[in-house]
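Here's the structure we're looking at; comments come further down.
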Amino acid sequence: MKKLGIIGCGAIGSVVAYAVDRGEVKAELAALYDIVVEKCLDLSNKLLASKPLVCKSLDCLLSAKPDLVVEAASQEAVREYVPGILEQGISVVVLSVGALLDRDLYDKLLGICRSKGSRIYIPTGAVAGIDAIKAASLSGVKRIVLTTRKSPKSISSESLRKLGFNEEIREPTVIYEGTAEEAVKALPFNINVAAALRIASRAPVVVRVIADPSVTRNVHEILVESEASNLRIVVENRPHPENPKTSYIAALSAVQLLKQILEPGINIGT
């Protein structure tokens with residue numbers, strides 16, 4: 001049975017850990033790591049069948065000899081930890097995909113993967129249609145427009161302040177409009193979908209983010225123009241019950257990807 005390590009014991013990391021603990025993902029949960037070690041301890045204590053090593057460093061996690069590591073922490077965690085993991089020939093599931101829009105980091109990680117035989121896996125996350133967009137990219141995607149509508153409560157208060165919104169947002173307000181590359185810097189915990197679309201399409205993505213107090217779900221509308229197909233995709237995601245900044249479906253997509261990687265069988269989609 002393959003051994004799994006998790007970096008980041010928040011909402012998504014916990015969903016993955018519970019799925020392994022229940023046997024939904026056929027793997028051994030070998031190690032947990034979070035810079036806030038209390039999160040690891042709390043999660044570990046809630047597990048019924050798994051007894052993972054609780055770590056205070058990446059070296060500790062690597063000492064557990066994982067076959068695969070799930071990054072569910074932050075863009076900074078991708079920059080700091082993923083290169084060293086890949087260097088060990090260990091593949092990584094990256095949830096904080098916004099980090100990969102840093103071209104220098106992307107090229108560095110790709111080079112390590114090619115030299116060490118490791119891989120980076122990216123779940124589809126909070127959007128639909130990634131398979132169709134990847135297929136369309138082979139013929140050429142002309143443009144993608146992403147409009148995201150979220151409750152202000154689901155957006156990082158620090159990000160709102162940096163964008164100039166220091167007071168409570170009481171009506172629908174456009175808080176960001178620009179490229180995917182700048183969006184993941186301005187809203188690092190809220191707009192990974194833009195990065196997933198950018199990487200899948202290999203085309204520029206125009207991003208518009210609306211903070212709307214009237215909505216209770218995270219709504220993504222995606223318009224794709226390509227030589228092969230024009231797509232209009234609308235996704236309405238329920239926030240994760242323990243972390244409104246995360247869509248529940250994003251956590252479940254990570255679990256589904258792990259099942260596809262780790263279990264023999266028939267897979268649908270690319």
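In the structure tokens, chains take letters A, B, ... by order of appearance, with residues numbered from 1 within each chain and ligands from 1 in the order shown.
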
(request) Among the residues of range 10-250 of chain A, find those DSSP assigns to helix (DSSP H, G or I) from the backbone and print them as JSON, numbers by chain. (result) {"A": [11, 12, 13, 14, 15, 16, 17, 18, 19, 20, 21, 37, 38, 39, 40, 41, 42, 43, 44, 45, 46, 58, 59, 60, 61, 62, 63, 75, 76, 77, 78, 79, 80, 81, 82, 83, 84, 85, 86, 87, 97, 98, 99, 100, 101, 103, 104, 105, 106, 107, 108, 109, 110, 111, 112, 113, 114, 115, 116, 130, 131, 132, 133, 134, 135, 136, 137, 152, 153, 154, 157, 158, 159, 160, 161, 162, 180, 181, 182, 183, 184, 185, 186, 192, 193, 194, 195, 196, 197, 198, 199, 200, 201, 248, 249, 250]}

(request) Extract, using only C-alpha atoms, all DNA, RNA and protein residues at most 8 Å from Ala136 in chain A, discarding same-chain residues fewer than 4 positions from it, and format them as number ranges by chain. (result) A: 132, 140-141, 201, 226-229

Write out the residues from the selection above, keeping N, CA and C atoms, as an mmCIF file, in the first residue's frame.
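What landed in selection14.cif:
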```
data_model
loop_
_atom_site.group_PDB
_atom_site.id
_atom_site.type_symbol
_atom_site.label_atom_id
_atom_site.label_comp_id
_atom_site.auth_asym_id
_atom_site.auth_seq_id
_atom_site.Cartn_x
_atom_site.Cartn_y
_atom_site.Cartn_z
ATOM 1 N N ALA A 132 -12.378 19.409 -21.112
ATOM 2 C CA ALA A 132 -12.735 20.006 -22.399
ATOM 3 C C ALA A 132 -11.783 21.150 -22.749
ATOM 4 N N GLY A 140 -6.105 25.350 -30.013
ATOM 5 C CA GLY A 140 -5.878 26.763 -29.763
ATOM 6 C C GLY A 140 -7.054 27.427 -29.069
ATOM 7 N N VAL A 141 -6.845 27.876 -27.838
ATOM 8 C CA VAL A 141 -7.851 28.637 -27.105
ATOM 9 C C VAL A 141 -7.594 30.120 -27.350
ATOM 10 N N SER A 201 -5.518 25.700 -20.216
ATOM 11 C CA SER A 201 -5.785 26.270 -21.542
ATOM 12 C C SER A 201 -4.538 26.715 -22.274
ATOM 13 N N SER A 226 -12.523 28.905 -28.479
ATOM 14 C CA SER A 226 -11.418 28.153 -29.062
ATOM 15 C C SER A 226 -11.758 27.742 -30.481
ATOM 16 N N GLU A 227 -10.750 27.247 -31.193
ATOM 17 C CA GLU A 227 -10.969 26.768 -32.551
ATOM 18 C C GLU A 227 -11.874 25.541 -32.573
ATOM 19 N N ALA A 228 -11.835 24.743 -31.494
ATOM 20 C CA ALA A 228 -12.600 23.491 -31.463
ATOM 21 C C ALA A 228 -13.996 23.657 -30.899
ATOM 22 N N SER A 229 -14.143 24.570 -29.944
ATOM 23 C CA SER A 229 -15.428 24.656 -29.238
ATOM 24 C C SER A 229 -15.513 25.953 -28.465
#
```

(request) Return the single residue from A:Asn230, A:Ser118, A:Ser137, A:Asn237 that is closest to Ile249 in chain A, with distances computed using only C-alpha atoms. (result) A:Asn237

(request) Mind checking which residues fall within 7 Å of range 161-171 of chain A, counting only C-alpha atoms, ignoring those fewer than 6 positions away in the same chain, and posting them as a VMD selection string? (result) chain A and resid 152 212 to 213

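Among the candidates A:Arg202, A:Arg208, A:Lys65, A:Arg217, the residue lying nearest to Leu138 in chain A is A:Arg202 (atoms considered: only C-alpha atoms).
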
For Ile130 in chain A, find every residue with an atom within 10 Å (counting only C-alpha atoms), except residues of its own chain fewer than 5 positions away, and show them as an mmCIF file with N, CA and C atoms, in the first residue's frame.
```
data_model
loop_
_atom_site.group_PDB
_atom_site.id
_atom_site.type_symbol
_atom_site.label_atom_id
_atom_site.label_comp_id
_atom_site.auth_asym_id
_atom_site.auth_seq_id
_atom_site.Cartn_x
_atom_site.Cartn_y
_atom_site.Cartn_z
ATOM 1 N N PRO A 123 -5.501 18.838 -8.988
ATOM 2 C CA PRO A 123 -6.929 18.502 -9.054
ATOM 3 C C PRO A 123 -7.694 19.557 -9.854
ATOM 4 N N THR A 124 -8.854 19.182 -10.357
ATOM 5 C CA THR A 124 -9.673 20.157 -11.082
ATOM 6 C C THR A 124 -10.200 21.244 -10.155
ATOM 7 N N GLY A 125 -10.274 20.933 -8.856
ATOM 8 C CA GLY A 125 -10.644 21.953 -7.884
ATOM 9 C C GLY A 125 -12.087 22.374 -7.976
ATOM 10 N N ALA A 135 -8.497 19.713 -23.911
ATOM 11 C CA ALA A 135 -8.636 19.221 -25.286
ATOM 12 C C ALA A 135 -8.649 20.387 -26.276
ATOM 13 N N ALA A 136 -9.391 21.426 -25.939
ATOM 14 C CA ALA A 136 -9.490 22.586 -26.830
ATOM 15 C C ALA A 136 -8.142 23.280 -26.996
ATOM 16 N N ALA A 196 -5.837 27.261 -12.441
ATOM 17 C CA ALA A 196 -6.157 25.990 -13.084
ATOM 18 C C ALA A 196 -6.574 26.205 -14.534
ATOM 19 N N LEU A 197 -7.376 27.233 -14.783
ATOM 20 C CA LEU A 197 -7.809 27.539 -16.146
ATOM 21 C C LEU A 197 -6.634 27.987 -17.016
ATOM 22 N N ILE A 199 -3.413 27.210 -16.686
ATOM 23 C CA ILE A 199 -2.522 26.093 -16.983
ATOM 24 C C ILE A 199 -3.177 25.119 -17.956
ATOM 25 N N ALA A 200 -4.469 24.848 -17.769
ATOM 26 C CA ALA A 200 -5.170 23.902 -18.641
ATOM 27 C C ALA A 200 -5.292 24.413 -20.066
ATOM 28 N N SER A 201 -5.518 25.700 -20.216
ATOM 29 C CA SER A 201 -5.785 26.270 -21.542
ATOM 30 C C SER A 201 -4.538 26.715 -22.274
ATOM 31 N N GLY A 269 -11.790 10.572 -18.146
ATOM 32 C CA GLY A 269 -11.194 11.895 -18.172
ATOM 33 C C GLY A 269 -9.673 11.823 -18.216
ATOM 34 N N THR A 270 -9.072 12.948 -18.530
ATOM 35 C CA THR A 270 -7.620 13.016 -18.689
ATOM 36 C C THR A 270 -6.943 13.389 -17.395
#
```

(request) May I have all residues of range 48-179 of chain A that DSSP, computed from the backbone, assigns to strand (DSSP E), given as a ChimeraX atom specification? (result) /A:53-55,68-71,91-94,120-121,141-150,173-179

Go ahead and save the picked residues with N, CA and C atoms, as a PDB file, in the first residue's frame.
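result_15.pdb written:
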```pdb
ATOM      1  N   LEU A  53       2.723  10.027  11.522  1.00  0.00           N
ATOM      2  CA  LEU A  53       3.773  10.767  12.202  1.00  0.00           C
ATOM      3  C   LEU A  53       3.401  12.248  12.169  1.00  0.00           C
ATOM      4  N   VAL A  54       3.386  12.891  13.320  1.00  0.00           N
ATOM      5  CA  VAL A  54       3.086  14.325  13.399  1.00  0.00           C
ATOM      6  C   VAL A  54       4.404  15.085  13.326  1.00  0.00           C
ATOM      7  N   CYS A  55       4.536  15.943  12.315  1.00  0.00           N
ATOM      8  CA  CYS A  55       5.830  16.538  12.003  1.00  0.00           C
ATOM      9  C   CYS A  55       5.869  18.044  12.249  1.00  0.00           C
ATOM     10  N   LEU A  68       3.801   9.655  -2.036  1.00  0.00           N
ATOM     11  CA  LEU A  68       3.080  10.779  -2.620  1.00  0.00           C
ATOM     12  C   LEU A  68       2.782  11.772  -1.502  1.00  0.00           C
ATOM     13  N   VAL A  69       2.893  13.067  -1.811  1.00  0.00           N
ATOM     14  CA  VAL A  69       2.614  14.116  -0.826  1.00  0.00           C
ATOM     15  C   VAL A  69       1.516  15.021  -1.360  1.00  0.00           C
ATOM     16  N   VAL A  70       0.575  15.359  -0.505  1.00  0.00           N
ATOM     17  CA  VAL A  70      -0.484  16.311  -0.843  1.00  0.00           C
ATOM     18  C   VAL A  70      -0.145  17.650  -0.207  1.00  0.00           C
ATOM     19  N   GLU A  71       0.002  18.692  -1.038  1.00  0.00           N
ATOM     20  CA  GLU A  71       0.196  20.056  -0.535  1.00  0.00           C
ATOM     21  C   GLU A  71      -1.164  20.714  -0.453  1.00  0.00           C
ATOM     22  N   SER A  91       6.311  12.309  -5.952  1.00  0.00           N
ATOM     23  CA  SER A  91       5.338  13.148  -6.647  1.00  0.00           C
ATOM     24  C   SER A  91       4.476  13.918  -5.651  1.00  0.00           C
ATOM     25  N   VAL A  92       3.883  15.017  -6.128  1.00  0.00           N
ATOM     26  CA  VAL A  92       3.132  15.919  -5.249  1.00  0.00           C
ATOM     27  C   VAL A  92       1.799  16.290  -5.896  1.00  0.00           C
ATOM     28  N   VAL A  93       0.745  16.253  -5.105  1.00  0.00           N
ATOM     29  CA  VAL A  93      -0.546  16.813  -5.492  1.00  0.00           C
ATOM     30  C   VAL A  93      -0.578  18.247  -4.973  1.00  0.00           C
ATOM     31  N   VAL A  94      -0.661  19.204  -5.876  1.00  0.00           N
ATOM     32  CA  VAL A  94      -0.610  20.618  -5.501  1.00  0.00           C
ATOM     33  C   VAL A  94      -2.015  21.210  -5.514  1.00  0.00           C
ATOM     34  N   ILE A 120       3.905  16.319 -10.799  1.00  0.00           N
ATOM     35  CA  ILE A 120       2.984  17.200 -10.078  1.00  0.00           C
ATOM     36  C   ILE A 120       1.591  16.932 -10.611  1.00  0.00           C
ATOM     37  N   TYR A 121       0.657  16.676  -9.705  1.00  0.00           N
ATOM     38  CA  TYR A 121      -0.744  16.476 -10.065  1.00  0.00           C
ATOM     39  C   TYR A 121      -1.542  17.682  -9.562  1.00  0.00           C
ATOM     40  N   VAL A 141      -6.845  27.876 -27.838  1.00  0.00           N
ATOM     41  CA  VAL A 141      -7.851  28.637 -27.105  1.00  0.00           C
ATOM     42  C   VAL A 141      -7.594  30.120 -27.350  1.00  0.00           C
ATOM     43  N   LYS A 142      -8.615  30.818 -27.815  1.00  0.00           N
ATOM     44  CA  LYS A 142      -8.460  32.235 -28.124  1.00  0.00           C
ATOM     45  C   LYS A 142      -8.487  33.091 -26.859  1.00  0.00           C
ATOM     46  N   ARG A 143      -9.437  32.799 -25.994  1.00  0.00           N
ATOM     47  CA  ARG A 143      -9.503  33.571 -24.745  1.00  0.00           C
ATOM     48  C   ARG A 143     -10.405  32.875 -23.758  1.00  0.00           C
ATOM     49  N   ILE A 144     -10.179  33.178 -22.481  1.00  0.00           N
ATOM     50  CA  ILE A 144     -11.036  32.708 -21.402  1.00  0.00           C
ATOM     51  C   ILE A 144     -11.371  33.897 -20.517  1.00  0.00           C
ATOM     52  N   VAL A 145     -12.623  33.995 -20.142  1.00  0.00           N
ATOM     53  CA  VAL A 145     -13.071  35.017 -19.191  1.00  0.00           C
ATOM     54  C   VAL A 145     -13.684  34.299 -17.996  1.00  0.00           C
ATOM     55  N   LEU A 146     -13.159  34.557 -16.829  1.00  0.00           N
ATOM     56  CA  LEU A 146     -13.658  33.977 -15.582  1.00  0.00           C
ATOM     57  C   LEU A 146     -14.281  35.073 -14.732  1.00  0.00           C
ATOM     58  N   THR A 147     -15.558  34.907 -14.412  1.00  0.00           N
ATOM     59  CA  THR A 147     -16.227  35.818 -13.482  1.00  0.00           C
ATOM     60  C   THR A 147     -16.588  35.026 -12.238  1.00  0.00           C
ATOM     61  N   THR A 148     -16.039  35.438 -11.117  1.00  0.00           N
ATOM     62  CA  THR A 148     -16.260  34.752  -9.848  1.00  0.00           C
ATOM     63  C   THR A 148     -17.034  35.669  -8.904  1.00  0.00           C
ATOM     64  N   ARG A 149     -18.092  35.110  -8.317  1.00  0.00           N
ATOM     65  CA  ARG A 149     -18.920  35.875  -7.381  1.00  0.00           C
ATOM     66  C   ARG A 149     -18.910  35.145  -6.037  1.00  0.00           C
ATOM     67  N   LYS A 150     -18.482  35.844  -4.986  1.00  0.00           N
ATOM     68  CA  LYS A 150     -18.367  35.240  -3.659  1.00  0.00           C
ATOM     69  C   LYS A 150     -18.903  36.192  -2.600  1.00  0.00           C
ATOM     70  N   THR A 173     -19.888  44.205  -5.425  1.00  0.00           N
ATOM     71  CA  THR A 173     -18.776  45.108  -5.720  1.00  0.00           C
ATOM     72  C   THR A 173     -17.675  44.356  -6.455  1.00  0.00           C
ATOM     73  N   VAL A 174     -17.233  44.899  -7.578  1.00  0.00           N
ATOM     74  CA  VAL A 174     -16.082  44.315  -8.285  1.00  0.00           C
ATOM     75  C   VAL A 174     -14.832  44.673  -7.495  1.00  0.00           C
ATOM     76  N   ILE A 175     -14.171  43.658  -6.963  1.00  0.00           N
ATOM     77  CA  ILE A 175     -12.976  43.917  -6.152  1.00  0.00           C
ATOM     78  C   ILE A 175     -11.685  43.662  -6.918  1.00  0.00           C
ATOM     79  N   TYR A 176     -11.801  42.954  -8.052  1.00  0.00           N
ATOM     80  CA  TYR A 176     -10.600  42.702  -8.855  1.00  0.00           C
ATOM     81  C   TYR A 176     -10.992  42.478 -10.312  1.00  0.00           C
ATOM     82  N   GLU A 177     -10.186  43.027 -11.221  1.00  0.00           N
ATOM     83  CA  GLU A 177     -10.345  42.740 -12.640  1.00  0.00           C
ATOM     84  C   GLU A 177      -8.962  42.809 -13.270  1.00  0.00           C
ATOM     85  N   GLY A 178      -8.549  41.715 -13.894  1.00  0.00           N
ATOM     86  CA  GLY A 178      -7.215  41.685 -14.480  1.00  0.00           C
ATOM     87  C   GLY A 178      -6.832  40.283 -14.900  1.00  0.00           C
ATOM     88  N   THR A 179      -5.538  40.023 -14.956  1.00  0.00           N
ATOM     89  CA  THR A 179      -5.037  38.732 -15.417  1.00  0.00           C
ATOM     90  C   THR A 179      -5.059  37.690 -14.306  1.00  0.00           C
TER      91      THR A 179
END
```
